[in-house]
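Just below is one structure, and these are the notes that go with it.
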Amino acid sequence: IHNIGIVGRNLNASVAITRSANATQYAVNDVMNNSTDTVPLIYTVSRDLNKGGWVVSGKAISSNGAAGTLPSIDLLLFSSTFTIAGDNLAFAPTYAQMQTLLGKITFPSWTNRGGIAEADGNITTSFPFSAASNTRIIYGVLLLQNTYTPASSETLQFQIGVEQY
């Protein structure tokens with residue numbers, strides 16, 4: 001028996017959002033997204049259609065590093081897309097939608113770097129992903145885990161690190 005090793009590579013995939021032009025406070029379990037979107041974030045992570053891999057890391061940045069209280073955010077990753085609540089509304093998935101949950105990356109602690117905030121994502125254990133049928137995509141939903149007052153038109157970027165196979 002011969003082992004040729006893993007066929008694939010490591011990849012960092014990023015998605016940026018720009019919030020609404022308001023400073024309306026988020027509550028725990030509110031969705032954070034582009035101003036009017038009701039679709040999850042789209043991460044192209046597979047090396048080919050219907051292929052998978054492992055989610056191994058996360059990083060995030062925000063244009064609002066000077067906030068008095070910085071956010072605590074969970075990035076939930078799913079194998080299929082569905083309609084989600086709009087920005088600053090409570091996340092209320094169905095049981096069937098949650099059955100497509102792959103795992104989560106938590107961004108509990110942000111650091112102000114001269115007006116820009118950055119955070120390393122926490123993953124309890126790396127988890128496998130499978131792309132949505134006939135795609136190279138997995139989907140993300142950002143959920144607040146604390147109350148957070150954002151900056152108007154705040155821009156945030158969420159990166160996930162994957163190992164493809």
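Labeling convention for the structure tokens: chains A, B, ... as they appear, residues from 1 per chain, ligands from 1 in order of appearance.
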
*Output as an MDAnalysis selection string all residues of range 23-164 of chain A that backbone DSSP marks as strand (DSSP E or B).*
chainID A and resid 26 30:32 41:44 52:62 73:78 90 101:107 111:112 117:120 122 127:130 137:144 148 155:164

Please produce a file of the residues just selected, as a PDB file, in the first residue's frame, where the atoms kept are C-alpha atoms.
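As a result, out-v1.pdb now contains:
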ATOM      1  CA  TYR A  26     -26.934  45.026  18.107  1.00  0.00           C
ATOM      2  CA  ASP A  30     -28.550  39.505  15.944  1.00  0.00           C
ATOM      3  CA  VAL A  31     -27.278  38.932  12.413  1.00  0.00           C
ATOM      4  CA  MET A  32     -24.519  41.240  11.167  1.00  0.00           C
ATOM      5  CA  LEU A  41     -21.742  35.230   3.277  1.00  0.00           C
ATOM      6  CA  ILE A  42     -20.259  33.215   0.406  1.00  0.00           C
ATOM      7  CA  TYR A  43     -16.860  31.560   0.868  1.00  0.00           C
ATOM      8  CA  THR A  44     -15.288  29.819  -2.139  1.00  0.00           C
ATOM      9  CA  GLY A  52     -14.238  19.382   0.814  1.00  0.00           C
ATOM     10  CA  GLY A  53     -11.547  19.893   3.385  1.00  0.00           C
ATOM     11  CA  TRP A  54     -11.055  21.213   6.895  1.00  0.00           C
ATOM     12  CA  VAL A  55     -11.715  24.647   8.416  1.00  0.00           C
ATOM     13  CA  VAL A  56      -8.641  25.343  10.538  1.00  0.00           C
ATOM     14  CA  SER A  57      -8.503  29.071  11.372  1.00  0.00           C
ATOM     15  CA  GLY A  58     -10.112  32.496  11.246  1.00  0.00           C
ATOM     16  CA  LYS A  59      -9.108  36.163  11.354  1.00  0.00           C
ATOM     17  CA  ALA A  60     -11.150  39.352  11.268  1.00  0.00           C
ATOM     18  CA  ILE A  61     -10.676  43.108  10.996  1.00  0.00           C
ATOM     19  CA  SER A  62     -13.047  46.023  11.579  1.00  0.00           C
ATOM     20  CA  ILE A  73     -19.065  37.482  17.012  1.00  0.00           C
ATOM     21  CA  ASP A  74     -19.689  33.862  16.017  1.00  0.00           C
ATOM     22  CA  LEU A  75     -19.252  32.981  12.353  1.00  0.00           C
ATOM     23  CA  LEU A  76     -21.502  29.976  11.737  1.00  0.00           C
ATOM     24  CA  LEU A  77     -20.585  28.027   8.591  1.00  0.00           C
ATOM     25  CA  PHE A  78     -23.141  26.030   6.606  1.00  0.00           C
ATOM     26  CA  ALA A  90     -32.557  38.184  15.357  1.00  0.00           C
ATOM     27  CA  LEU A 101     -24.296  23.600  10.120  1.00  0.00           C
ATOM     28  CA  LEU A 102     -20.648  22.630   9.627  1.00  0.00           C
ATOM     29  CA  GLY A 103     -19.167  24.418  12.647  1.00  0.00           C
ATOM     30  CA  LYS A 104     -18.311  27.850  13.969  1.00  0.00           C
ATOM     31  CA  ILE A 105     -15.427  30.240  14.405  1.00  0.00           C
ATOM     32  CA  THR A 106     -15.711  32.554  17.413  1.00  0.00           C
ATOM     33  CA  PHE A 107     -14.207  36.045  17.472  1.00  0.00           C
ATOM     34  CA  THR A 111      -7.793  44.511  19.797  1.00  0.00           C
ATOM     35  CA  ASN A 112      -7.677  48.177  18.765  1.00  0.00           C
ATOM     36  CA  ALA A 117      -9.688  46.354  15.300  1.00  0.00           C
ATOM     37  CA  GLU A 118      -8.417  42.834  14.654  1.00  0.00           C
ATOM     38  CA  ALA A 119      -9.319  39.461  16.088  1.00  0.00           C
ATOM     39  CA  ASP A 120      -8.087  35.910  15.840  1.00  0.00           C
ATOM     40  CA  ASN A 122     -11.160  30.530  17.968  1.00  0.00           C
ATOM     41  CA  PHE A 127     -13.925  20.680  11.440  1.00  0.00           C
ATOM     42  CA  PRO A 128     -14.553  19.196   8.000  1.00  0.00           C
ATOM     43  CA  PHE A 129     -16.535  20.966   5.314  1.00  0.00           C
ATOM     44  CA  SER A 130     -18.288  19.781   2.194  1.00  0.00           C
ATOM     45  CA  ILE A 137     -18.870  27.214  -1.736  1.00  0.00           C
ATOM     46  CA  ILE A 138     -19.759  27.163   1.948  1.00  0.00           C
ATOM     47  CA  TYR A 139     -21.904  29.843   3.586  1.00  0.00           C
ATOM     48  CA  GLY A 140     -21.451  32.011   6.677  1.00  0.00           C
ATOM     49  CA  VAL A 141     -23.736  33.839   9.092  1.00  0.00           C
ATOM     50  CA  LEU A 142     -22.332  36.397  11.554  1.00  0.00           C
ATOM     51  CA  LEU A 143     -24.073  36.403  14.955  1.00  0.00           C
ATOM     52  CA  LEU A 144     -23.430  38.880  17.762  1.00  0.00           C
ATOM     53  CA  TYR A 148     -22.474  46.131  20.330  1.00  0.00           C
ATOM     54  CA  THR A 155     -16.565  47.705   7.236  1.00  0.00           C
ATOM     55  CA  LEU A 156     -15.584  44.259   8.498  1.00  0.00           C
ATOM     56  CA  GLN A 157     -13.653  41.443   6.868  1.00  0.00           C
ATOM     57  CA  PHE A 158     -13.831  37.802   7.970  1.00  0.00           C
ATOM     58  CA  GLN A 159     -11.233  35.323   6.743  1.00  0.00           C
ATOM     59  CA  ILE A 160     -11.317  31.567   7.134  1.00  0.00           C
ATOM     60  CA  GLY A 161      -8.333  29.293   6.668  1.00  0.00           C
ATOM     61  CA  VAL A 162      -8.973  25.900   5.101  1.00  0.00           C
ATOM     62  CA  GLU A 163      -7.045  22.813   4.136  1.00  0.00           C
ATOM     63  CA  GLN A 164      -8.486  21.417   0.926  1.00  0.00           C
TER      64      GLN A 164
END

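Atom pair CA of Ala85 in chain A / CA of Asn33 in chain A: separated by 9.2 Å.
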
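When CA of Tyr165 in chain A is paired with CA of Ile84 in chain A, their separation reads 29.4 Å.
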
*Can you pull out every residue within 12 Å of Gln99 in chain A, counting only C-alpha atoms, but drop anything in the same chain fewer than 5 positions away, and send it as JSON, numbers by chain?*
{"A": [77, 78, 79, 80, 81, 82, 93, 94]}

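Going from CA of Gly65 in chain A to CA of Ala92 in chain A covers 28.8 Å.
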
*Would you mind writing down, as a PyMOL selection string, each residue of chain A that DSSP on the backbone assigns to alpha helix (DSSP H)?*
chain A and resi 95-98

*Have a look at A:Thr135, A:Thr69, A:Ser152, A:Asn64 and name the one nearest to Arg113 in chain A; count only C-alpha atoms.*
A:Asn64

*asked:* Show me, as number ranges by chain, the residues that have an atom within 6 Å of Ser35 in chain A when counting only C-alpha atoms, minus same-chain residues fewer than 4 positions from it.
replied: A: 19-20, 87

Export all heavy atoms of the chosen residues as an mmCIF file, in the first residue's frame?
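Result saved to out_11.cif:
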data_model
loop_
_atom_site.group_PDB
_atom_site.id
_atom_site.type_symbol
_atom_site.label_atom_id
_atom_site.label_comp_id
_atom_site.auth_asym_id
_atom_site.auth_seq_id
_atom_site.Cartn_x
_atom_site.Cartn_y
_atom_site.Cartn_z
ATOM 1 N N ARG A 19 -21.646 47.595 6.733
ATOM 2 C CA ARG A 19 -22.903 47.720 7.457
ATOM 3 C C ARG A 19 -23.705 48.923 6.965
ATOM 4 O O ARG A 19 -23.210 49.778 6.267
ATOM 5 C CB ARG A 19 -22.601 47.964 8.950
ATOM 6 C CG ARG A 19 -22.089 46.820 9.737
ATOM 7 C CD ARG A 19 -22.220 47.142 11.204
ATOM 8 N NE ARG A 19 -23.598 47.543 11.536
ATOM 9 C CZ ARG A 19 -24.078 48.773 11.458
ATOM 10 N NH1 ARG A 19 -23.341 49.790 11.126
ATOM 11 N NH2 ARG A 19 -25.338 49.001 11.752
ATOM 12 N N SER A 20 -24.924 48.980 7.466
ATOM 13 C CA SER A 20 -25.807 50.119 7.172
ATOM 14 C C SER A 20 -25.212 51.419 7.701
ATOM 15 O O SER A 20 -24.375 51.411 8.602
ATOM 16 C CB SER A 20 -27.168 49.907 7.843
ATOM 17 O OG SER A 20 -27.788 48.758 7.349
ATOM 18 N N ASP A 87 -29.665 42.491 8.430
ATOM 19 C CA ASP A 87 -28.733 43.076 9.389
ATOM 20 C C ASP A 87 -29.471 43.628 10.599
ATOM 21 O O ASP A 87 -30.506 44.280 10.472
ATOM 22 C CB ASP A 87 -27.947 44.207 8.703
ATOM 23 C CG ASP A 87 -26.940 44.854 9.625
ATOM 24 O OD1 ASP A 87 -26.062 44.137 10.134
ATOM 25 O OD2 ASP A 87 -27.038 46.082 9.852
#

Identify, on the basis of only C-alpha atoms, every residue whose closest approach to Arg136 in chain A does not exceed 8 Å; exclude the query and any residue fewer than 6 positions from it along the same chain; express the result as a compact mmCIF listing (two decimals) with all heavy atoms, in the first residue's frame.
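File written: part.txt
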# COMPACT_ATOMS: atom_id res chain seq x y z
N THR A 44 -15.72 30.80 -1.15
CA THR A 44 -15.29 29.82 -2.14
C THR A 44 -14.05 29.14 -1.58
O THR A 44 -12.98 29.74 -1.51
CB THR A 44 -14.99 30.49 -3.49
OG1 THR A 44 -16.18 31.17 -3.92
CG2 THR A 44 -14.58 29.46 -4.53
N VAL A 45 -14.19 27.88 -1.16
CA VAL A 45 -13.14 27.21 -0.41
C VAL A 45 -12.68 25.87 -0.99
O VAL A 45 -11.61 25.39 -0.65
CB VAL A 45 -13.55 26.99 1.06
CG1 VAL A 45 -13.69 28.33 1.77
CG2 VAL A 45 -14.84 26.20 1.16
N SER A 46 -13.49 25.25 -1.84
CA SER A 46 -13.11 23.93 -2.37
C SER A 46 -12.20 24.07 -3.58
O SER A 46 -12.29 25.04 -4.32
CB SER A 46 -14.36 23.15 -2.78
OG SER A 46 -15.13 22.83 -1.68
N ARG A 47 -11.36 23.08 -3.76
CA ARG A 47 -10.46 23.12 -4.92
C ARG A 47 -11.17 22.72 -6.21
O ARG A 47 -10.68 22.97 -7.30
CB ARG A 47 -9.22 22.26 -4.68
CG ARG A 47 -9.45 20.80 -4.57
CD ARG A 47 -8.13 20.04 -4.36
NE ARG A 47 -8.37 18.64 -4.23
CZ ARG A 47 -8.47 17.80 -5.25
NH1 ARG A 47 -8.34 18.23 -6.47
NH2 ARG A 47 -8.71 16.51 -5.05
N ASP A 48 -12.33 22.07 -6.08
CA ASP A 48 -13.11 21.65 -7.24
C ASP A 48 -14.56 21.47 -6.81
O ASP A 48 -14.85 21.44 -5.61
CB ASP A 48 -12.55 20.34 -7.80
CG ASP A 48 -12.84 20.15 -9.27
OD1 ASP A 48 -13.62 20.94 -9.86
OD2 ASP A 48 -12.29 19.20 -9.87
N LEU A 49 -15.46 21.31 -7.76
CA LEU A 49 -16.87 21.11 -7.44
C LEU A 49 -17.04 19.91 -6.51
O LEU A 49 -16.43 18.86 -6.71
CB LEU A 49 -17.69 20.89 -8.70
CG LEU A 49 -17.76 22.04 -9.70
CD1 LEU A 49 -18.61 21.64 -10.89
CD2 LEU A 49 -18.29 23.30 -9.06
N ASN A 50 -17.87 20.11 -5.50
CA ASN A 50 -18.26 19.04 -4.57
C ASN A 50 -17.12 18.48 -3.73
O ASN A 50 -17.26 17.41 -3.16
CB ASN A 50 -18.96 17.90 -5.32
CG ASN A 50 -20.15 18.38 -6.12
OD1 ASN A 50 -20.95 19.17 -5.62
ND2 ASN A 50 -20.25 17.94 -7.35
N LYS A 51 -16.01 19.17 -3.67
CA LYS A 51 -14.89 18.72 -2.85
C LYS A 51 -14.98 19.36 -1.47
O LYS A 51 -15.71 20.31 -1.26
CB LYS A 51 -13.55 19.07 -3.50
CG LYS A 51 -13.32 18.44 -4.85
CD LYS A 51 -13.12 16.96 -4.72
CE LYS A 51 -12.80 16.37 -6.09
NZ LYS A 51 -12.77 14.94 -6.08
